[in-house]
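> Dropping in start.cif, with mmCIF, C-alpha atoms and all ligand atoms.
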data_query
loop_
_atom_site.group_PDB
_atom_site.id
_atom_site.type_symbol
_atom_site.label_atom_id
_atom_site.label_comp_id
_atom_site.auth_asym_id
_atom_site.auth_seq_id
_atom_site.Cartn_x
_atom_site.Cartn_y
_atom_site.Cartn_z
ATOM 1 C CA MET A 62 12.095 -8.329 11.407
ATOM 2 C CA ILE A 63 10.521 -5.244 9.847
ATOM 3 C CA SER A 64 8.181 -3.551 12.316
ATOM 4 C CA LYS A 65 7.088 -0.362 10.553
ATOM 5 C CA CYS A 66 4.812 0.287 7.637
ATOM 6 C CA LEU A 67 4.265 3.652 5.989
ATOM 7 C CA SER A 68 1.048 4.550 4.199
ATOM 8 C CA PRO A 69 0.778 7.809 2.298
ATOM 9 C CA VAL A 70 -2.821 8.973 2.739
ATOM 10 C CA ALA A 71 -2.693 12.626 1.756
ATOM 11 C CA GLY A 72 -4.267 12.327 -1.716
ATOM 12 C CA TYR A 73 -7.512 14.128 -2.548
ATOM 13 C CA GLY A 74 -9.314 11.189 -4.139
ATOM 14 C CA THR A 75 -10.770 13.430 -6.826
ATOM 15 C CA ARG A 76 -11.860 10.452 -8.924
ATOM 16 C CA PHE A 77 -14.425 9.643 -6.271
ATOM 17 C CA LEU A 78 -15.913 13.100 -5.808
ATOM 18 C CA PRO A 79 -18.349 13.957 -4.398
ATOM 19 C CA ALA A 80 -17.960 10.870 -2.124
ATOM 20 C CA THR A 81 -14.503 12.042 -1.058
ATOM 21 C CA LYS A 82 -15.448 15.647 -0.367
ATOM 22 C CA SER A 83 -15.360 15.177 3.413
ATOM 23 C CA ILE A 84 -14.289 11.522 3.689
ATOM 24 C CA PRO A 85 -10.715 10.477 2.869
ATOM 25 C CA LYS A 86 -10.614 8.093 -0.098
ATOM 26 C CA GLU A 87 -8.821 5.587 2.149
ATOM 27 C CA MET A 88 -11.994 5.442 4.260
ATOM 28 C CA LEU A 89 -14.186 4.286 1.379
ATOM 29 C CA PRO A 90 -15.459 0.839 2.354
ATOM 30 C CA VAL A 91 -14.967 -2.276 0.283
ATOM 31 C CA VAL A 92 -18.042 -4.117 1.582
ATOM 32 C CA ASP A 93 -17.708 -3.429 5.334
ATOM 33 C CA LYS A 94 -14.129 -2.338 5.898
ATOM 34 C CA PRO A 95 -12.415 0.857 4.754
ATOM 35 C CA LEU A 96 -9.469 0.504 2.395
ATOM 36 C CA ILE A 97 -7.019 1.677 5.042
ATOM 37 C CA HIS A 98 -8.281 -1.043 7.397
ATOM 38 C CA TYR A 99 -7.314 -3.714 4.843
ATOM 39 C CA ALA A 100 -3.891 -2.051 4.562
ATOM 40 C CA VAL A 101 -3.267 -2.172 8.323
ATOM 41 C CA GLU A 102 -4.448 -5.802 8.493
ATOM 42 C CA GLU A 103 -2.012 -6.682 5.734
ATOM 43 C CA ALA A 104 0.855 -4.902 7.515
ATOM 44 C CA LEU A 105 0.022 -6.712 10.768
ATOM 45 C CA ASP A 106 0.011 -10.057 8.969
ATOM 46 C CA ALA A 107 3.584 -9.229 7.927
ATOM 47 C CA GLY A 108 4.587 -8.396 11.522
ATOM 48 C CA MET A 109 4.600 -4.641 10.805
ATOM 49 C CA VAL A 110 2.805 -3.500 13.928
ATOM 50 C CA ASN A 111 3.777 0.169 13.804
ATOM 51 C CA ASN A 112 1.847 2.163 11.240
ATOM 52 C CA ALA A 113 3.103 5.513 10.019
ATOM 53 C CA PHE A 114 0.575 7.582 8.095
ATOM 54 C CA VAL A 115 1.577 10.573 6.011
ATOM 55 C CA THR A 116 -1.653 12.530 6.060
ATOM 56 C CA GLY A 117 -3.274 15.562 4.544
ATOM 57 C CA ARG A 118 -5.955 17.956 5.666
ATOM 58 C CA GLY A 119 -9.389 16.497 6.364
ATOM 59 C CA LYS A 120 -8.096 13.012 7.165
ATOM 60 C CA HIS A 121 -9.202 12.864 10.808
ATOM 61 C CA ALA A 122 -11.574 10.019 10.049
ATOM 62 C CA ILE A 123 -8.536 7.740 9.659
ATOM 63 C CA ALA A 124 -7.266 8.539 13.166
ATOM 64 C CA ASP A 125 -10.810 8.106 14.521
ATOM 65 C CA HIS A 126 -11.111 4.715 12.834
ATOM 66 C CA PHE A 127 -7.976 3.486 14.598
ATOM 67 C CA ASP A 128 -9.153 4.570 18.031
ATOM 68 C CA ILE A 129 -11.734 3.483 20.580
ATOM 69 C CA SER A 130 -15.247 4.862 20.086
ATOM 70 C CA TYR A 131 -16.593 4.820 23.641
ATOM 71 C CA GLU A 132 -20.226 5.712 22.913
ATOM 72 C CA LEU A 133 -20.534 3.121 20.168
ATOM 73 C CA GLU A 134 -18.749 0.412 22.126
ATOM 74 C CA THR A 135 -20.838 1.017 25.244
ATOM 75 C CA GLU A 136 -24.043 1.064 23.215
ATOM 76 C CA ILE A 137 -23.484 -2.291 21.519
ATOM 77 C CA SER A 138 -21.582 -4.015 24.318
ATOM 78 C CA GLY A 139 -23.248 -7.316 25.212
ATOM 79 C CA THR A 140 -25.382 -7.346 22.032
ATOM 80 C CA GLY A 141 -24.937 -9.514 18.949
ATOM 81 C CA LYS A 142 -23.521 -6.494 17.133
ATOM 82 C CA GLU A 143 -20.380 -6.542 19.263
ATOM 83 C CA GLU A 144 -18.785 -9.146 17.018
ATOM 84 C CA LYS A 145 -18.737 -6.531 14.255
ATOM 85 C CA LEU A 146 -15.929 -4.818 16.172
ATOM 86 C CA ILE A 147 -13.687 -7.870 16.591
ATOM 87 C CA ASP A 148 -11.586 -7.068 13.533
ATOM 88 C CA ILE A 149 -10.901 -3.458 14.479
ATOM 89 C CA ARG A 150 -10.171 -4.369 18.109
ATOM 90 C CA LYS A 151 -7.513 -6.789 16.917
ATOM 91 C CA LEU A 152 -5.792 -3.926 15.115
ATOM 92 C CA LEU A 153 -6.100 -1.570 18.094
ATOM 93 C CA ASP A 154 -4.747 -4.188 20.504
ATOM 94 C CA ASN A 155 -1.750 -5.101 18.361
ATOM 95 C CA CYS A 156 -0.715 -1.969 16.461
ATOM 96 C CA THR A 157 0.469 1.585 17.008
ATOM 97 C CA PHE A 158 -0.458 4.531 14.784
ATOM 98 C CA ALA A 159 1.620 7.631 14.089
ATOM 99 C CA TYR A 160 0.705 10.559 11.862
ATOM 100 C CA THR A 161 2.571 13.369 10.192
ATOM 101 C CA PRO A 162 1.310 15.833 7.601
ATOM 102 C CA GLN A 163 2.562 16.035 4.033
ATOM 103 C CA LYS A 164 2.566 19.809 3.920
ATOM 104 C CA GLU A 165 2.702 20.132 0.149
ATOM 105 C CA MET A 166 1.438 17.715 -2.481
ATOM 106 C CA LYS A 167 4.613 17.030 -4.423
ATOM 107 C CA GLY A 168 4.243 13.361 -5.264
ATOM 108 C CA LEU A 169 4.672 9.883 -3.786
ATOM 109 C CA GLY A 170 8.420 10.242 -3.246
ATOM 110 C CA HIS A 171 7.825 13.479 -1.353
ATOM 111 C CA ALA A 172 5.172 11.756 0.789
ATOM 112 C CA VAL A 173 7.518 8.893 1.706
ATOM 113 C CA LEU A 174 10.281 11.371 2.569
ATOM 114 C CA ALA A 175 7.830 13.203 4.856
ATOM 115 C CA GLY A 176 7.600 9.971 6.868
ATOM 116 C CA LYS A 177 11.356 9.746 7.483
ATOM 117 C CA ASN A 178 11.323 10.648 11.199
ATOM 118 C CA MET A 179 8.516 8.186 11.920
ATOM 119 C CA ILE A 180 10.551 5.382 10.329
ATOM 120 C CA GLY A 181 14.129 6.110 11.416
ATOM 121 C CA ASP A 182 17.104 4.097 10.262
ATOM 122 C CA GLN A 183 15.487 0.764 9.453
ATOM 123 C CA ALA A 184 13.908 -1.075 6.546
ATOM 124 C CA PHE A 185 10.154 -0.520 6.292
ATOM 125 C CA GLY A 186 7.095 -1.483 4.315
ATOM 126 C CA VAL A 187 5.030 0.893 2.186
ATOM 127 C CA ILE A 188 1.395 0.216 1.364
ATOM 128 C CA LEU A 189 -0.634 2.323 -1.034
ATOM 129 C CA ALA A 190 -4.097 1.581 0.329
ATOM 130 C CA ASP A 191 -5.872 2.115 -2.975
ATOM 131 C CA ASP A 192 -4.103 -0.925 -4.379
ATOM 132 C CA LEU A 193 -6.137 -3.550 -2.530
ATOM 133 C CA CYS A 194 -4.390 -6.936 -2.434
ATOM 134 C CA ILE A 195 -6.383 -10.029 -1.527
ATOM 135 C CA THR A 196 -4.924 -13.498 -1.083
ATOM 136 C CA GLU A 197 -6.638 -16.869 -0.736
ATOM 137 C CA PRO A 198 -7.718 -17.860 2.792
ATOM 138 C CA GLY A 199 -4.776 -19.360 4.674
ATOM 139 C CA GLU A 200 -2.244 -17.805 2.293
ATOM 140 C CA ASP A 201 0.210 -15.136 3.416
ATOM 141 C CA SER A 202 -0.695 -11.542 2.616
ATOM 142 C CA VAL A 203 1.312 -9.872 -0.136
ATOM 143 C CA MET A 204 3.303 -7.820 2.399
ATOM 144 C CA LYS A 205 4.110 -10.991 4.369
ATOM 145 C CA GLN A 206 5.346 -12.690 1.198
ATOM 146 C CA MET A 207 7.587 -9.665 0.632
ATOM 147 C CA ALA A 208 8.794 -9.511 4.256
ATOM 148 C CA ASP A 209 9.904 -13.147 3.975
ATOM 149 C CA LEU A 210 11.855 -12.291 0.841
ATOM 150 C CA TYR A 211 13.449 -9.354 2.619
ATOM 151 C CA GLU A 212 14.651 -11.640 5.415
ATOM 152 C CA GLU A 213 16.409 -13.724 2.792
ATOM 153 C CA HIS A 214 17.826 -10.978 0.536
ATOM 154 C CA GLN A 215 18.129 -7.855 2.788
ATOM 155 C CA CYS A 216 17.474 -5.349 0.009
ATOM 156 C CA SER A 217 14.562 -3.298 -1.311
ATOM 157 C CA ILE A 218 11.698 -5.351 -2.717
ATOM 158 C CA ILE A 219 8.931 -4.019 -4.948
ATOM 159 C CA ALA A 220 5.729 -5.789 -5.933
ATOM 160 C CA ILE A 221 4.993 -6.112 -9.627
ATOM 161 C CA GLU A 222 2.371 -7.549 -11.913
ATOM 162 C CA GLU A 223 1.946 -7.896 -15.652
ATOM 163 C CA VAL A 224 -0.399 -5.306 -17.091
ATOM 164 C CA PRO A 225 -1.739 -4.943 -20.630
ATOM 165 C CA LYS A 226 0.134 -2.533 -22.883
ATOM 166 C CA GLU A 227 -2.771 -0.083 -23.049
ATOM 167 C CA ASN A 228 -2.587 0.444 -19.263
ATOM 168 C CA ILE A 229 1.170 0.444 -18.744
ATOM 169 C CA SER A 230 1.513 4.243 -18.895
ATOM 170 C CA SER A 231 -0.313 4.522 -15.538
ATOM 171 C CA TYR A 232 2.468 2.758 -13.635
ATOM 172 C CA GLY A 233 6.102 2.611 -12.694
ATOM 173 C CA VAL A 234 7.604 0.027 -15.053
ATOM 174 C CA ILE A 235 10.728 -2.079 -14.524
ATOM 175 C CA ASP A 236 13.545 -3.242 -16.721
ATOM 176 C CA ALA A 237 14.803 -6.414 -15.047
ATOM 177 C CA GLU A 238 16.510 -9.802 -15.302
ATOM 178 C CA MET A 239 14.577 -12.853 -14.285
ATOM 179 C CA ILE A 240 15.982 -14.763 -11.287
ATOM 180 C CA ASN A 241 13.126 -17.251 -11.184
ATOM 181 C CA ASP A 242 9.463 -17.297 -12.241
ATOM 182 C CA ASN A 243 8.435 -14.833 -9.549
ATOM 183 C CA LEU A 244 11.590 -12.886 -8.791
ATOM 184 C CA PHE A 245 13.519 -10.339 -10.866
ATOM 185 C CA ARG A 246 16.590 -8.196 -10.315
ATOM 186 C CA VAL A 247 15.750 -4.620 -11.292
ATOM 187 C CA ASN A 248 18.205 -2.830 -13.605
ATOM 188 C CA ASP A 249 16.171 0.268 -14.324
ATOM 189 C CA MET A 250 12.725 1.756 -13.755
ATOM 190 C CA VAL A 251 10.642 4.429 -15.378
ATOM 191 C CA GLU A 252 7.578 6.216 -14.028
ATOM 192 C CA LYS A 253 4.534 6.307 -16.294
ATOM 193 C CA PRO A 254 6.267 5.778 -19.662
ATOM 194 C CA PRO A 255 4.340 6.090 -22.929
ATOM 195 C CA ALA A 256 3.253 2.538 -23.887
ATOM 196 C CA ASP A 257 5.723 2.237 -26.763
ATOM 197 C CA GLU A 258 8.652 3.304 -24.562
ATOM 198 C CA ALA A 259 7.880 0.987 -21.629
ATOM 199 C CA PRO A 260 10.834 -1.341 -20.924
ATOM 200 C CA SER A 261 8.503 -4.274 -20.104
ATOM 201 C CA ASN A 262 4.922 -5.130 -19.214
ATOM 202 C CA LEU A 263 5.887 -5.467 -15.529
ATOM 203 C CA ALA A 264 4.243 -2.698 -13.539
ATOM 204 C CA VAL A 265 5.003 -1.654 -9.973
ATOM 205 C CA ILE A 266 2.009 -1.938 -7.685
ATOM 206 C CA GLY A 267 1.579 -0.284 -4.311
ATOM 207 C CA ARG A 268 3.624 -2.577 -2.078
ATOM 208 C CA TYR A 269 7.267 -1.878 -1.303
ATOM 209 C CA ILE A 270 9.884 -2.837 1.234
ATOM 210 C CA LEU A 271 12.551 -0.167 1.275
ATOM 211 C CA THR A 272 15.932 0.065 2.922
ATOM 212 C CA PRO A 273 16.443 3.364 4.783
ATOM 213 C CA ASP A 274 19.028 4.742 2.333
ATOM 214 C CA ILE A 275 15.932 5.594 0.268
ATOM 215 C CA PHE A 276 15.498 8.759 2.356
ATOM 216 C CA ASP A 277 18.824 10.316 1.317
ATOM 217 C CA LEU A 278 18.114 9.318 -2.273
ATOM 218 C CA LEU A 279 14.670 10.940 -2.069
ATOM 219 C CA SER A 280 16.212 14.140 -0.677
ATOM 220 C CA ASP A 281 18.331 14.314 -3.847
ATOM 221 C CA THR A 282 15.519 13.360 -6.241
ATOM 222 C CA LYS A 283 14.396 16.116 -8.593
ATOM 223 C CA PRO A 284 10.801 16.330 -9.832
ATOM 224 C CA GLY A 285 10.217 13.742 -12.562
ATOM 225 C CA ALA A 286 7.096 12.460 -14.334
ATOM 226 C CA GLY A 287 4.154 14.832 -13.902
ATOM 227 C CA GLY A 288 6.469 17.373 -12.190
ATOM 228 C CA GLU A 289 6.322 15.265 -9.006
ATOM 229 C CA ILE A 290 9.054 13.767 -6.814
ATOM 230 C CA GLN A 291 8.718 10.142 -7.805
ATOM 231 C CA LEU A 292 9.481 7.213 -5.502
ATOM 232 C CA THR A 293 10.320 5.267 -8.659
ATOM 233 C CA ASP A 294 13.239 7.615 -9.402
ATOM 234 C CA ALA A 295 14.812 7.063 -5.959
ATOM 235 C CA ILE A 296 14.360 3.267 -6.113
ATOM 236 C CA LYS A 297 15.980 3.342 -9.536
ATOM 237 C CA GLU A 298 19.131 4.725 -7.850
ATOM 238 C CA GLN A 299 19.146 1.761 -5.436
ATOM 239 C CA ALA A 300 18.734 -0.534 -8.431
ATOM 240 C CA LYS A 301 21.979 0.795 -9.940
ATOM 241 C CA ASN A 302 23.782 -1.091 -7.156
ATOM 242 C CA GLY A 303 21.781 -4.257 -7.796
ATOM 243 C CA LYS A 304 19.878 -3.698 -4.549
ATOM 244 C CA VAL A 305 16.299 -3.957 -5.753
ATOM 245 C CA LEU A 306 14.282 -7.102 -6.344
ATOM 246 C CA ALA A 307 10.881 -7.163 -8.009
ATOM 247 C CA TYR A 308 8.417 -9.795 -6.874
ATOM 248 C CA LYS A 309 5.444 -11.170 -8.778
ATOM 249 C CA PHE A 310 3.213 -11.781 -5.782
ATOM 250 C CA LYS A 311 0.623 -14.480 -5.210
ATOM 251 C CA GLY A 312 -2.836 -12.949 -4.905
ATOM 252 C CA ARG A 313 -5.176 -10.533 -6.633
ATOM 253 C CA ARG A 314 -4.755 -6.821 -6.770
ATOM 254 C CA PHE A 315 -7.569 -4.355 -7.391
ATOM 255 C CA ASP A 316 -6.983 -0.780 -8.476
ATOM 256 C CA CYS A 317 -9.313 0.879 -5.996
ATOM 257 C CA GLY A 318 -8.047 4.270 -7.139
ATOM 258 C CA SER A 319 -10.395 3.856 -10.113
ATOM 259 C CA VAL A 320 -14.154 3.485 -9.919
ATOM 260 C CA GLU A 321 -14.087 0.326 -12.075
ATOM 261 C CA GLY A 322 -11.414 -1.345 -9.907
ATOM 262 C CA PHE A 323 -13.258 -0.334 -6.764
ATOM 263 C CA VAL A 324 -16.514 -1.895 -7.953
ATOM 264 C CA GLU A 325 -14.641 -5.038 -9.044
ATOM 265 C CA ALA A 326 -13.013 -5.287 -5.589
ATOM 266 C CA THR A 327 -16.364 -4.807 -3.895
ATOM 267 C CA ASN A 328 -18.003 -7.582 -5.917
ATOM 268 C CA TYR A 329 -15.043 -9.913 -5.369
ATOM 269 C CA CYS A 330 -14.862 -9.336 -1.611
ATOM 270 C CA TYR A 331 -18.627 -9.670 -1.235
ATOM 271 C CA GLU A 332 -18.722 -13.031 -3.043
ATOM 272 C CA ASN A 333 -15.450 -14.494 -1.785
ATOM 273 C CA ILE A 334 -15.026 -13.098 1.723
ATOM 274 C CA PHE A 335 -18.201 -11.551 3.120
ATOM 275 C CA LYS A 336 -20.646 -14.260 2.027
ATOM 276 C CA LYS A 337 -18.312 -17.030 3.239
ATOM 277 C CA ARG A 338 -17.921 -15.711 6.795
HETATM 278 C C1 LIG B 401 2.092 5.129 -7.884
HETATM 279 C C2 LIG B 401 3.549 4.953 -8.275
HETATM 280 C C3 LIG B 401 3.661 4.026 -9.487
HETATM 281 C C4 LIG B 401 2.963 2.705 -9.196
HETATM 282 C C5 LIG B 401 1.508 2.966 -8.751
HETATM 283 C C6 LIG B 401 0.861 1.682 -8.283
HETATM 284 O O1 LIG B 401 1.435 5.838 -8.900
HETATM 285 O O2 LIG B 401 4.114 6.221 -8.568
HETATM 286 O O3 LIG B 401 5.015 3.792 -9.780
HETATM 287 O O4 LIG B 401 2.994 1.910 -10.360
HETATM 288 O O5 LIG B 401 1.453 3.882 -7.656
HETATM 289 O O6 LIG B 401 -0.488 1.879 -7.988
HETATM 290 P P1 LIG B 401 -0.019 6.521 -8.700
HETATM 291 O O7 LIG B 401 -1.020 5.431 -8.882
HETATM 292 O O8 LIG B 401 -0.025 7.107 -7.329
HETATM 293 O O9 LIG B 401 -0.113 7.564 -9.786
#
What is this structure when it is put down as C-alpha cells?
Ligand code: G1P

Amino acid sequence: MISKCLSPVAGYGTRFLPATKSIPKEMLPVVDKPLIHYAVEEALDAGMVNNAFVTGRGKHAIADHFDISYELETEISGTGKEEKLIDIRKLLDNCTFAYTPQKEMKGLGHAVLAGKNMIGDQAFGVILADDLCITEPGEDSVMKQMADLYEEHQCSIIAIEEVPKENISSYGVIDAEMINDNLFRVNDMVEKPPADEAPSNLAVIGRYILTPDIFDLLSDTKPGAGGEIQLTDAIKEQAKNGKVLAYKFKGRRFDCGSVEGFVEATNYCYENIFKKR
C-alpha cells in the first residue's frame, strides 16, 4: 500500500497576480476549499496519509491550513458554524504533513527530487494541486484508481487525457501502445512538444505514481524543455524498460493553473457539489 504523496507547491502562481502576491496559488479556493485541500483529500482517499510538500517562500498559509486554529475553533465551538470544520478535521485527524523547501526554481523534476528524503525508498503518489480532479459521488478518486492499478502492476503510473491539438504543447505527451481502452504502455514521452511534433493527443496530467528509482534518474536528468529539469524526462527513462503505464482516468480534470480552468472548476463544483450538500 502506498502511504506517501508528494505535492510540489513552490510555484509563484504569476497567472493569478495580484491574488497570489501574498497567498500561495494552492490556497486559492474553489468554492469553499483551497486547491491543496482537495489534493490532500484525494491522497487520503487513496490511502496516502502522509503528505510531503515541497514548498517555496511565502507558503506558510499551507502549513497553517493543515493545523489547528485554536482561536477560531474555540470561537465557533458549539455553534452551527462548527460543521464547516468537519472536512478539515478529518484531514488533520488522519494525515501527517511534512515540508521541505525547493531552494531554487529549476522545474518539476527538480521539485520532486527535493522531496526525496521525505519519501525514502518506496513508491509514492504525486499530485499537482492546480490540476483539480473531480469524480462522481461514490466513485473512487483519480489517485485511488491509480493506486489500485499500482497494486496490480507494481510500476510507475501516469494519468493522461486526450487534449485538442491546439493545446497539446502545454503538456507532457506520451507515445504508447494501447493495452485496453483505458490503459497504455508508455514507449516514449516528450515535454511540451510543438503541436505538429507531438507523438499523440494523450497528455500527462498532474497525477503520478512513481517508483523510487525515479530519484536516481532525476539526479542524472539534465535541463530539458524550458531549461528546466523535467519530470517527464526521468519518467521517459523508466519507460525504456517498459515500466510505465499511462491511465485514462474516470473523472473530470480542471486546469486550475489557468484563470479559465479555475472559473470552470468553480462553476462546476458550485453546481455539482456545493449546492447538493
Ligand atoms: C507539468 C508537467 C507536464 C504535465 C503538466 C500537467 O507541466 O511538466 O508534463 O503535462 O504538468 O498539468 P506544467 O503545467 O507545470 O508546466
> Around ligand LIG 401 (chain B), which protein and nucleic acid residues have at least one atom no more than 10 Å from it, if we count only C-alpha atoms and all ligand atoms? List them as number ranges by chain.
A: 69, 72, 168-170, 188-193, 219-222, 229-235, 250-253, 263-268, 286-287, 289-294, 314-319
> In terms of the shortest atom-to-atom distance over all atoms listed in the file, which of A:Ser217, A:Asn328, A:Asn333, A:Asn262 is closest to Ala307 (chain A)?
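Smallest separation from Ala307 (chain A) among the options: A:Ser217.
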> Name the closest residue to Ile129 (chain A) among the candidates A:Lys151, A:Leu174, A:Val110, A:Asp201; distances are taken between atoms, counting only C-alpha atoms.
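Comparing A:Lys151, A:Leu174, A:Val110, A:Asp201 against Ile129 (chain A), the winner is A:Lys151.
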> Given the PyMOL selection byres (((chain A and resi 173) around 12) and not hetatm) and the file above, list the residues it selects as a short mmCIF file (atom, residue, chain, number, x, y, z; two decimals) with C-alpha atoms, in the coordinates of the input.

data_model
loop_
_atom_site.label_atom_id
_atom_site.label_comp_id
_atom_site.auth_asym_id
_atom_site.auth_seq_id
_atom_site.Cartn_x
_atom_site.Cartn_y
_atom_site.Cartn_z
CA CYS A 66 4.81 0.29 7.64
CA LEU A 67 4.26 3.65 5.99
CA SER A 68 1.05 4.55 4.20
CA PRO A 69 0.78 7.81 2.30
CA VAL A 70 -2.82 8.97 2.74
CA ALA A 71 -2.69 12.63 1.76
CA ALA A 113 3.10 5.51 10.02
CA PHE A 114 0.57 7.58 8.10
CA VAL A 115 1.58 10.57 6.01
CA THR A 116 -1.65 12.53 6.06
CA THR A 161 2.57 13.37 10.19
CA PRO A 162 1.31 15.83 7.60
CA GLN A 163 2.56 16.04 4.03
CA MET A 166 1.44 17.72 -2.48
CA LYS A 167 4.61 17.03 -4.42
CA GLY A 168 4.24 13.36 -5.26
CA LEU A 169 4.67 9.88 -3.79
CA GLY A 170 8.42 10.24 -3.25
CA HIS A 171 7.82 13.48 -1.35
CA ALA A 172 5.17 11.76 0.79
CA LEU A 174 10.28 11.37 2.57
CA ALA A 175 7.83 13.20 4.86
CA GLY A 176 7.60 9.97 6.87
CA LYS A 177 11.36 9.75 7.48
CA ASN A 178 11.32 10.65 11.20
CA MET A 179 8.52 8.19 11.92
CA ILE A 180 10.55 5.38 10.33
CA PHE A 185 10.15 -0.52 6.29
CA GLY A 186 7.10 -1.48 4.32
CA VAL A 187 5.03 0.89 2.19
CA ILE A 188 1.40 0.22 1.36
CA LEU A 189 -0.63 2.32 -1.03
CA TYR A 269 7.27 -1.88 -1.30
CA ILE A 270 9.88 -2.84 1.23
CA LEU A 271 12.55 -0.17 1.27
CA PRO A 273 16.44 3.36 4.78
CA ILE A 275 15.93 5.59 0.27
CA PHE A 276 15.50 8.76 2.36
CA ASP A 277 18.82 10.32 1.32
CA LEU A 278 18.11 9.32 -2.27
CA LEU A 279 14.67 10.94 -2.07
CA SER A 280 16.21 14.14 -0.68
CA ILE A 290 9.05 13.77 -6.81
CA GLN A 291 8.72 10.14 -7.80
CA LEU A 292 9.48 7.21 -5.50
CA THR A 293 10.32 5.27 -8.66
CA ALA A 295 14.81 7.06 -5.96
CA ILE A 296 14.36 3.27 -6.11
#
> Point out the residue among A:Gln183, A:Thr272, A:Asn302, A:Ser64 with the least atom-to-atom distance to Met204 (chain A), counting all atoms listed in the file.
A:Ser64
> As a check of understanding, name the residues that the PyMOL selection byres (((chain A and resi 245) around 10) and not hetatm) selects in the supplied structure, as a tab-separated table (two decimals) with C-alpha atoms, in the frame of the given file.

chain	number	residue	atom	x	y	z
A	218	ILE	CA	11.70	-5.35	-2.72
A	219	ILE	CA	8.93	-4.02	-4.95
A	221	ILE	CA	4.99	-6.11	-9.63
A	235	ILE	CA	10.73	-2.08	-14.52
A	236	ASP	CA	13.54	-3.24	-16.72
A	237	ALA	CA	14.80	-6.41	-15.05
A	238	GLU	CA	16.51	-9.80	-15.30
A	239	MET	CA	14.58	-12.85	-14.28
A	240	ILE	CA	15.98	-14.76	-11.29
A	241	ASN	CA	13.13	-17.25	-11.18
A	242	ASP	CA	9.46	-17.30	-12.24
A	243	ASN	CA	8.44	-14.83	-9.55
A	244	LEU	CA	11.59	-12.89	-8.79
A	246	ARG	CA	16.59	-8.20	-10.32
A	247	VAL	CA	15.75	-4.62	-11.29
A	248	ASN	CA	18.20	-2.83	-13.60
A	305	VAL	CA	16.30	-3.96	-5.75
A	306	LEU	CA	14.28	-7.10	-6.34
A	307	ALA	CA	10.88	-7.16	-8.01
A	308	TYR	CA	8.42	-9.80	-6.87
A	309	LYS	CA	5.44	-11.17	-8.78
> Please output region 190-205 of chain A, rebuilt to include N, CA and C atoms, as a PDB file, keeping the file's coordinate frame.

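Result file follows (selection.pdb):
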ATOM      1  N   ALA A 190      -2.845   2.261  -0.041  1.00  0.00           N
ATOM      2  CA  ALA A 190      -4.097   1.581   0.329  1.00  0.00           C
ATOM      3  C   ALA A 190      -5.055   1.427  -0.846  1.00  0.00           C
ATOM      4  N   ASP A 191      -4.910   2.266  -1.872  1.00  0.00           N
ATOM      5  CA  ASP A 191      -5.872   2.115  -2.975  1.00  0.00           C
ATOM      6  C   ASP A 191      -5.507   0.977  -3.929  1.00  0.00           C
ATOM      7  N   ASP A 192      -4.356   0.376  -3.748  1.00  0.00           N
ATOM      8  CA  ASP A 192      -4.103  -0.925  -4.379  1.00  0.00           C
ATOM      9  C   ASP A 192      -4.495  -1.986  -3.342  1.00  0.00           C
ATOM     10  N   LEU A 193      -5.671  -2.554  -3.507  1.00  0.00           N
ATOM     11  CA  LEU A 193      -6.137  -3.550  -2.530  1.00  0.00           C
ATOM     12  C   LEU A 193      -5.659  -4.930  -2.975  1.00  0.00           C
ATOM     13  N   CYS A 194      -4.928  -5.612  -2.088  1.00  0.00           N
ATOM     14  CA  CYS A 194      -4.390  -6.936  -2.434  1.00  0.00           C
ATOM     15  C   CYS A 194      -5.067  -7.996  -1.574  1.00  0.00           C
ATOM     16  N   ILE A 195      -5.648  -8.970  -2.231  1.00  0.00           N
ATOM     17  CA  ILE A 195      -6.383 -10.029  -1.527  1.00  0.00           C
ATOM     18  C   ILE A 195      -5.731 -11.368  -1.876  1.00  0.00           C
ATOM     19  N   THR A 196      -5.474 -12.160  -0.836  1.00  0.00           N
ATOM     20  CA  THR A 196      -4.924 -13.498  -1.083  1.00  0.00           C
ATOM     21  C   THR A 196      -5.953 -14.546  -0.658  1.00  0.00           C
ATOM     22  N   GLU A 197      -5.725 -15.775  -1.083  1.00  0.00           N
ATOM     23  CA  GLU A 197      -6.638 -16.869  -0.736  1.00  0.00           C
ATOM     24  C   GLU A 197      -6.600 -17.093   0.779  1.00  0.00           C
ATOM     25  N   PRO A 198      -7.720 -17.578   1.351  1.00  0.00           N
ATOM     26  CA  PRO A 198      -7.718 -17.860   2.792  1.00  0.00           C
ATOM     27  C   PRO A 198      -6.563 -18.805   3.145  1.00  0.00           C
ATOM     28  N   GLY A 199      -5.881 -18.511   4.232  1.00  0.00           N
ATOM     29  CA  GLY A 199      -4.776 -19.360   4.674  1.00  0.00           C
ATOM     30  C   GLY A 199      -3.450 -19.019   4.010  1.00  0.00           C
ATOM     31  N   GLU A 200      -3.498 -18.196   2.956  1.00  0.00           N
ATOM     32  CA  GLU A 200      -2.244 -17.805   2.293  1.00  0.00           C
ATOM     33  C   GLU A 200      -1.699 -16.519   2.915  1.00  0.00           C
ATOM     34  N   ASP A 201      -0.377 -16.360   2.876  1.00  0.00           N
ATOM     35  CA  ASP A 201       0.210 -15.136   3.416  1.00  0.00           C
ATOM     36  C   ASP A 201      -0.256 -13.920   2.621  1.00  0.00           C
ATOM     37  N   SER A 202      -0.379 -12.790   3.317  1.00  0.00           N
ATOM     38  CA  SER A 202      -0.695 -11.542   2.616  1.00  0.00           C
ATOM     39  C   SER A 202       0.482 -11.181   1.708  1.00  0.00           C
ATOM     40  N   VAL A 203       0.238 -10.265   0.787  1.00  0.00           N
ATOM     41  CA  VAL A 203       1.312  -9.872  -0.136  1.00  0.00           C
ATOM     42  C   VAL A 203       2.487  -9.270   0.646  1.00  0.00           C
ATOM     43  N   MET A 204       2.197  -8.425   1.640  1.00  0.00           N
ATOM     44  CA  MET A 204       3.303  -7.820   2.399  1.00  0.00           C
ATOM     45  C   MET A 204       4.090  -8.877   3.169  1.00  0.00           C
ATOM     46  N   LYS A 205       3.398  -9.915   3.659  1.00  0.00           N
ATOM     47  CA  LYS A 205       4.110 -10.991   4.369  1.00  0.00           C
ATOM     48  C   LYS A 205       5.018 -11.749   3.396  1.00  0.00           C
TER      49      LYS A 205
END
